[in-house]
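Here's the structure, in structure tokens; my notes come after.
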There are 2 protein chains.
Amino acid sequence: MSAHFDTLRRAPLPDLRAEIRSGRYRGHTAGLGAGYLQANIVILPGAVALDFMRFCQRNPKPCPLVGVSDTGEPMMRTLGRDIDIRTDVPAYNIYRHGRLEGSVTDIADLWTPDMVAFALGCSFTFEHALIRAGIPLWHVTHDTTVPMFRTAIPCVPAGAFRSPMVVSMRAIDPDRVAEAVALSRRYPLAHGAPVHVGDPSEIGIADTARPDWGDPAPITGDQVPVFWACGVTPQAAIEAAAPPLCITHKPGHMLITDIPEDAETPVLAPETA
Amino acid sequence: MSAHFDTLRRAPLPDLRAEIRSGRYRGHTAGLGAGYLQANIVILPGAVALDFMRFCQRNPKPCPLVGVSDTGEPMMRTLGRDIDIRTDVPAYNIYRHGRLEGSVTDIADLWTPDMVAFALGCSFTFEHALIRAGIPLWHVTHDTTVPMFRTAIPCVPAGAFRSPMVVSMRAIDPDRVAEAVALSRRYPLAHGAPVHVGDPSEIGIADTARPDWGDPAPITGDQVPVFWACGVTPQAAIEAAAPPLCITHKPGHMLITDIPEDAETPVLAPETA
């Protein structure tokens with residue numbers, strides 16, 4: 001862990017955001033902004049924004065919508081007092097016609113007046129709850145990326161957005177599975193309860209040792225593989241829809257919001273006059 | 001209570017829906033479709049659909065979105081196997097340029113290919129949970145409409161949609177307030193936890209005996225007035241936005257869906273091939 005990262009871990013939110021905005025910090029956000037909601041980001045042309053928003057509404061476990069910008073408005077006003085979606089994500093992926101073109105740390109030159117930015121809740125929120133409850137997570141302990149798999153579970157399509165569900169896997173000791181299910185169900189804006197517990201083949205996963213994204217993680221002894229809906233799902237739907245331009249966060253490099261992780265709703269109270 | 005209503009109370013969901021679809025039943029839906037999610041309905045031209053959907057996302061307590069149709073598609077596929085939004089609500093209100101024009105029991109002749117139908121969760125869900133827990137609700141016991149009030153709490157605007165929050169009031173015995181709060185918080189798609197407990201003047205309500213909508217209900221002895229975000233809020237926002245045409249359910253005359261009231265998400269699993 002770098003000295004810079006260690007300083008950022010303890011930094012107040014505005015200082016952390018300034019480091020990201022300036023481009024001085026371009027790394028992943030796991031472990032940063034403790035206690036605040038982090039979000040996956042999808043930025044799309046207005047012409048497909050309603051369809052994408054319907055895709056999220058219809059698939060709330062993989063795509064829990066926590067914020068949507070006005071068309072052409074880069075400030076995410078419901079998620080923070082000063083969040084500029086063009087600069088406040090540490091790294092972005094650029095997709096053209098559904099294909100990854102490259103990564104950048106600032107999208108000010110790509111932002112156009114027809115764009116809509118969507119923020120989706122991420123797994124950090126329920127992982128923090130599991131860890132607080134003393135349920136160990138192998139990929140956190142070993143500082144790897146959680147293993148993710150394409151499944152046979154269909155998402156509900158919306159317009160050109162369609163995809164099988166992508167899930168992440170965490171191996172849980174059998175006596176803690178019920179608790180892990182109940183705890184994560186309390187966070188509907190962070191994927192909620194698992195979509196499957198147990199036999200991976202029942203949801204079309206052939207080999208848990210070979211994830212489609214992320215790093216392999218062992219299932220040891222009598223541990224049970226538990227599968228949660230995953231925020232990579234919308235990326236698969238975007239590949240299918242192939243809009244002329246789409247900008248997402250780079251995986252692991254999330255938007256850190258001003259919303260407390262345990263907020264009932266992910267909306268800043270409006271300033272009253 | 002009419003013999004027809006009493007028969008409908010015990011009818012299977014498809015029979016109940018057929019009675020409503022045919023126009024034979026045009027009454028309110030409180031007490032019908034026990035155990036199934038009921039929804040407020042807002043139907044708007046596609047041109048303002050994204051703004052209205054953003055209004056709902058930003059104000060999830062008064063406007064908990066549970067379903068959105070494809071543009072021009074009257075079947076609400078995520079809410080039921082056979083729900084036609086043109087016929088399956090017992091009565092509709094028609095608004096032109098934000099003003100109530102009248103009520104009808106069928107909108108087949110008003111439906112156009114640019115329309116989008118929105119379904120929003122309603123208070124019946126958490127009221128059923130309170131009643132099951134033995135917390136009496138005066139307006140249910142006395143078969144009146146819950147009192148509703150315009151407040152000083154601002155909603156977050158989206159496009160031309162803007163409104164103060166409308167709330168409903170229920171008087172609760174002081175020893176049950178904490179339980180009522182905790183129980184309703186479990187239903188984020190049915191307005192969630194109260195937005196205010198106690199002194200009505202703190203949220204801009206001058207006189208609880210004179211509701212803006214619904215019937216007055218007493219606050220007796222040491223009962224505490226408890227205020228929940230209310231599904232009338234979007235009607236106020238629609239009056240402000242004044243779209244050329246807007247169709248809503250007639251208050252109390254909800255869409256009855258195929259979704260169990262305790263479902264984690266309000267989405268029917270897609271049929272797999």
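Note on naming: chains are A, B, ... as they come in the structure tokens, residues start from 1 per chain, ligands start from 1 in the order shown.
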
Excluding stretch 38-44 of chain B and its own-chain neighbours fewer than 3 positions away, which residues fall within 9 Å of it when counting only C-alpha atoms? Please give them as a PDB file with C-alpha atoms, in the first residue's frame.
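Writing done, so here's part_30.pdb:
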```pdb
ATOM      1  CA  THR B  29     -59.225  -1.690  -4.680  1.00  0.00           C
ATOM      2  CA  GLY B  33     -56.093  -8.845  -4.332  1.00  0.00           C
ATOM      3  CA  ALA B  47     -41.263  13.339 -24.602  1.00  0.00           C
ATOM      4  CA  VAL B  48     -41.455  13.862 -20.824  1.00  0.00           C
ATOM      5  CA  ALA B  49     -41.010  10.221 -19.741  1.00  0.00           C
ATOM      6  CA  PHE B  52     -40.696  11.945 -14.931  1.00  0.00           C
ATOM      7  CA  VAL B  66     -42.187  -0.466  -9.400  1.00  0.00           C
ATOM      8  CA  GLY B  67     -42.716  -0.761 -13.180  1.00  0.00           C
ATOM      9  CA  ILE B  85     -52.734  -0.831 -18.644  1.00  0.00           C
ATOM     10  CA  VAL B  89     -57.294  -0.171 -13.691  1.00  0.00           C
ATOM     11  CA  TYR B  92     -58.687   6.576 -14.578  1.00  0.00           C
ATOM     12  CA  ASP B 114     -45.657   7.439 -27.835  1.00  0.00           C
ATOM     13  CA  MET B 115     -47.041   6.735 -24.362  1.00  0.00           C
ATOM     14  CA  VAL B 116     -45.142   5.357 -21.371  1.00  0.00           C
ATOM     15  CA  ALA B 117     -46.924   3.910 -18.333  1.00  0.00           C
ATOM     16  CA  PHE B 118     -45.363   4.150 -14.879  1.00  0.00           C
ATOM     17  CA  ALA B 119     -46.440   2.120 -11.838  1.00  0.00           C
ATOM     18  CA  LEU B 120     -45.586   3.419  -8.346  1.00  0.00           C
ATOM     19  CA  GLY B 121     -45.840   1.468  -5.099  1.00  0.00           C
ATOM     20  CA  CYS B 122     -48.614   2.488  -2.698  1.00  0.00           C
ATOM     21  CA  SER B 123     -49.252   2.621   1.030  1.00  0.00           C
ATOM     22  CA  PHE B 124     -51.483  -0.477   1.151  1.00  0.00           C
ATOM     23  CA  THR B 125     -48.354  -2.649   1.411  1.00  0.00           C
ATOM     24  CA  GLY B 231     -48.377   8.867  -3.813  1.00  0.00           C
ATOM     25  CA  VAL B 232     -50.410  12.032  -4.425  1.00  0.00           C
ATOM     26  CA  PRO B 234     -46.589  12.988  -8.438  1.00  0.00           C
ATOM     27  CA  GLN B 235     -50.075  14.383  -9.183  1.00  0.00           C
ATOM     28  CA  PRO B 243     -47.997  17.932 -20.094  1.00  0.00           C
ATOM     29  CA  PRO B 244     -50.554  18.008 -22.952  1.00  0.00           C
ATOM     30  CA  LEU B 245     -52.014  14.704 -21.718  1.00  0.00           C
ATOM     31  CA  CYS B 246     -51.531  12.649 -18.577  1.00  0.00           C
ATOM     32  CA  ILE B 247     -53.601   9.710 -17.399  1.00  0.00           C
ATOM     33  CA  THR B 248     -53.487   8.468 -13.806  1.00  0.00           C
ATOM     34  CA  HIS B 249     -55.452   5.939 -11.784  1.00  0.00           C
ATOM     35  CA  LYS B 250     -58.385   7.508  -9.956  1.00  0.00           C
ATOM     36  CA  PRO B 251     -57.283   7.770  -6.291  1.00  0.00           C
ATOM     37  CA  GLY B 252     -58.036   4.526  -4.425  1.00  0.00           C
ATOM     38  CA  HIS B 253     -58.589   2.677  -7.731  1.00  0.00           C
ATOM     39  CA  MET B 254     -55.197   1.004  -8.111  1.00  0.00           C
ATOM     40  CA  LEU B 255     -53.635  -1.462 -10.507  1.00  0.00           C
ATOM     41  CA  ILE B 256     -53.486  -4.893  -8.844  1.00  0.00           C
ATOM     42  CA  THR B 257     -50.289  -6.664  -9.971  1.00  0.00           C
ATOM     43  CA  ASP B 258     -49.124 -10.303  -9.940  1.00  0.00           C
ATOM     44  CA  ILE B 259     -46.195  -9.349  -7.672  1.00  0.00           C
ATOM     45  CA  GLU B 261     -46.416  -7.854  -1.577  1.00  0.00           C
TER      46      GLU B 261
END
```

May I have all residues of stretch 13-149 of chain A that DSSP, computed from the backbone, assigns to strand (DSSP E), given as a ChimeraX atom specification? /A:36-45,65-68,92-96,99-104,115-121,148-149

Write the residues you've just listed into a file as a short mmCIF file (atom, residue, chain, number, x, y, z; two decimals), in the first residue's frame, and include N, CA and C atoms for each of them.
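Generated output (result_1.cif):
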```cif
data_model
loop_
_atom_site.label_atom_id
_atom_site.label_comp_id
_atom_site.auth_asym_id
_atom_site.auth_seq_id
_atom_site.Cartn_x
_atom_site.Cartn_y
_atom_site.Cartn_z
N TYR A 36 -19.06 5.88 3.04
CA TYR A 36 -19.85 6.56 2.00
C TYR A 36 -20.12 5.62 0.82
N LEU A 37 -21.30 5.81 0.24
CA LEU A 37 -21.74 5.01 -0.90
C LEU A 37 -20.81 5.23 -2.10
N GLN A 38 -20.34 4.11 -2.70
CA GLN A 38 -19.61 4.20 -3.96
C GLN A 38 -20.51 3.70 -5.07
N ALA A 39 -20.24 4.18 -6.29
CA ALA A 39 -21.15 3.86 -7.39
C ALA A 39 -20.41 3.52 -8.67
N ASN A 40 -20.93 2.53 -9.39
CA ASN A 40 -20.58 2.27 -10.78
C ASN A 40 -21.18 3.39 -11.63
N ILE A 41 -20.52 3.74 -12.71
CA ILE A 41 -20.97 4.85 -13.56
C ILE A 41 -21.18 4.37 -15.00
N VAL A 42 -22.29 4.81 -15.60
CA VAL A 42 -22.56 4.57 -17.03
C VAL A 42 -23.03 5.90 -17.62
N ILE A 43 -22.34 6.38 -18.65
CA ILE A 43 -22.72 7.64 -19.30
C ILE A 43 -23.10 7.33 -20.74
N LEU A 44 -24.29 7.78 -21.13
CA LEU A 44 -24.85 7.39 -22.44
C LEU A 44 -25.45 8.60 -23.15
N PRO A 45 -25.58 8.52 -24.48
CA PRO A 45 -26.31 9.56 -25.20
C PRO A 45 -27.78 9.57 -24.78
N LEU A 65 -30.14 1.50 -9.38
CA LEU A 65 -29.95 2.90 -9.75
C LEU A 65 -29.90 3.78 -8.50
N VAL A 66 -28.83 4.53 -8.32
CA VAL A 66 -28.74 5.42 -7.16
C VAL A 66 -28.68 6.90 -7.56
N GLY A 67 -28.48 7.19 -8.85
CA GLY A 67 -28.48 8.60 -9.26
C GLY A 67 -28.51 8.73 -10.77
N VAL A 68 -29.15 9.77 -11.27
CA VAL A 68 -29.23 10.04 -12.71
C VAL A 68 -29.08 11.54 -12.90
N TYR A 92 -11.78 6.07 -16.31
CA TYR A 92 -12.97 5.79 -17.12
C TYR A 92 -12.62 4.83 -18.25
N ASN A 93 -13.57 4.00 -18.65
CA ASN A 93 -13.45 3.21 -19.87
C ASN A 93 -14.32 3.84 -20.96
N ILE A 94 -13.79 3.90 -22.16
CA ILE A 94 -14.52 4.48 -23.29
C ILE A 94 -14.93 3.35 -24.23
N TYR A 95 -16.24 3.21 -24.48
CA TYR A 95 -16.75 2.22 -25.42
C TYR A 95 -17.32 2.95 -26.64
N ARG A 96 -16.95 2.51 -27.85
CA ARG A 96 -17.58 3.03 -29.06
C ARG A 96 -18.25 1.85 -29.77
N ARG A 99 -17.67 -1.49 -28.13
CA ARG A 99 -16.33 -2.07 -27.98
C ARG A 99 -15.41 -1.14 -27.19
N LEU A 100 -14.67 -1.74 -26.25
CA LEU A 100 -13.76 -0.95 -25.41
C LEU A 100 -12.66 -0.35 -26.26
N GLU A 101 -12.54 0.99 -26.19
CA GLU A 101 -11.54 1.69 -27.00
C GLU A 101 -10.31 2.00 -26.17
N GLY A 102 -10.50 2.27 -24.87
CA GLY A 102 -9.36 2.61 -24.03
C GLY A 102 -9.83 3.23 -22.73
N SER A 103 -8.86 3.65 -21.91
CA SER A 103 -9.16 4.22 -20.60
C SER A 103 -8.54 5.61 -20.49
N VAL A 104 -9.23 6.50 -19.77
CA VAL A 104 -8.75 7.86 -19.54
C VAL A 104 -9.05 8.23 -18.09
N MET A 115 -25.66 14.16 -23.12
CA MET A 115 -25.31 12.98 -22.32
C MET A 115 -26.07 12.91 -21.00
N VAL A 116 -26.31 11.67 -20.56
CA VAL A 116 -26.94 11.41 -19.27
C VAL A 116 -26.02 10.46 -18.49
N ALA A 117 -25.73 10.81 -17.25
CA ALA A 117 -24.87 9.97 -16.41
C ALA A 117 -25.72 9.20 -15.40
N PHE A 118 -25.47 7.90 -15.31
CA PHE A 118 -26.18 7.02 -14.37
C PHE A 118 -25.19 6.50 -13.33
N ALA A 119 -25.60 6.50 -12.07
CA ALA A 119 -24.79 5.92 -11.00
C ALA A 119 -25.54 4.71 -10.44
N LEU A 120 -24.83 3.59 -10.31
CA LEU A 120 -25.43 2.33 -9.83
C LEU A 120 -24.70 1.89 -8.57
N GLY A 121 -25.45 1.43 -7.58
CA GLY A 121 -24.84 0.96 -6.33
C GLY A 121 -23.88 -0.20 -6.57
N MET A 148 -16.00 -13.16 -11.01
CA MET A 148 -17.30 -12.84 -11.61
C MET A 148 -17.57 -13.79 -12.77
N PHE A 149 -18.84 -14.14 -12.96
CA PHE A 149 -19.23 -15.15 -13.95
C PHE A 149 -20.45 -14.72 -14.73
#
```

Quick one: which residues from chain A are at most 9 Å off chain B, using only C-alpha atoms, as JSON, numbers by chain? {"A": [49, 50, 51, 53, 54, 57, 58, 59, 60, 61, 65, 66, 67, 68, 69, 70, 78, 153, 154, 155, 156, 158, 159, 185, 186, 188, 192, 193, 264, 265, 266, 267, 269, 270, 271, 272]}

Counting only C-alpha atoms, the option among B:Pro136, B:Pro74, B:Pro12, B:Pro216 closest to B:Ala34: B:Pro12

Contacts of A:Thr233 at 7 Å or less, counting only C-alpha atoms, minus same-chain residues fewer than 6 places along, as a ChimeraX atom specification? /A:62,165-166

Option closest in space to B:Pro218, from B:His4, B:Arg9, B:His191, B:His142 [counting only C-alpha atoms]: B:His142
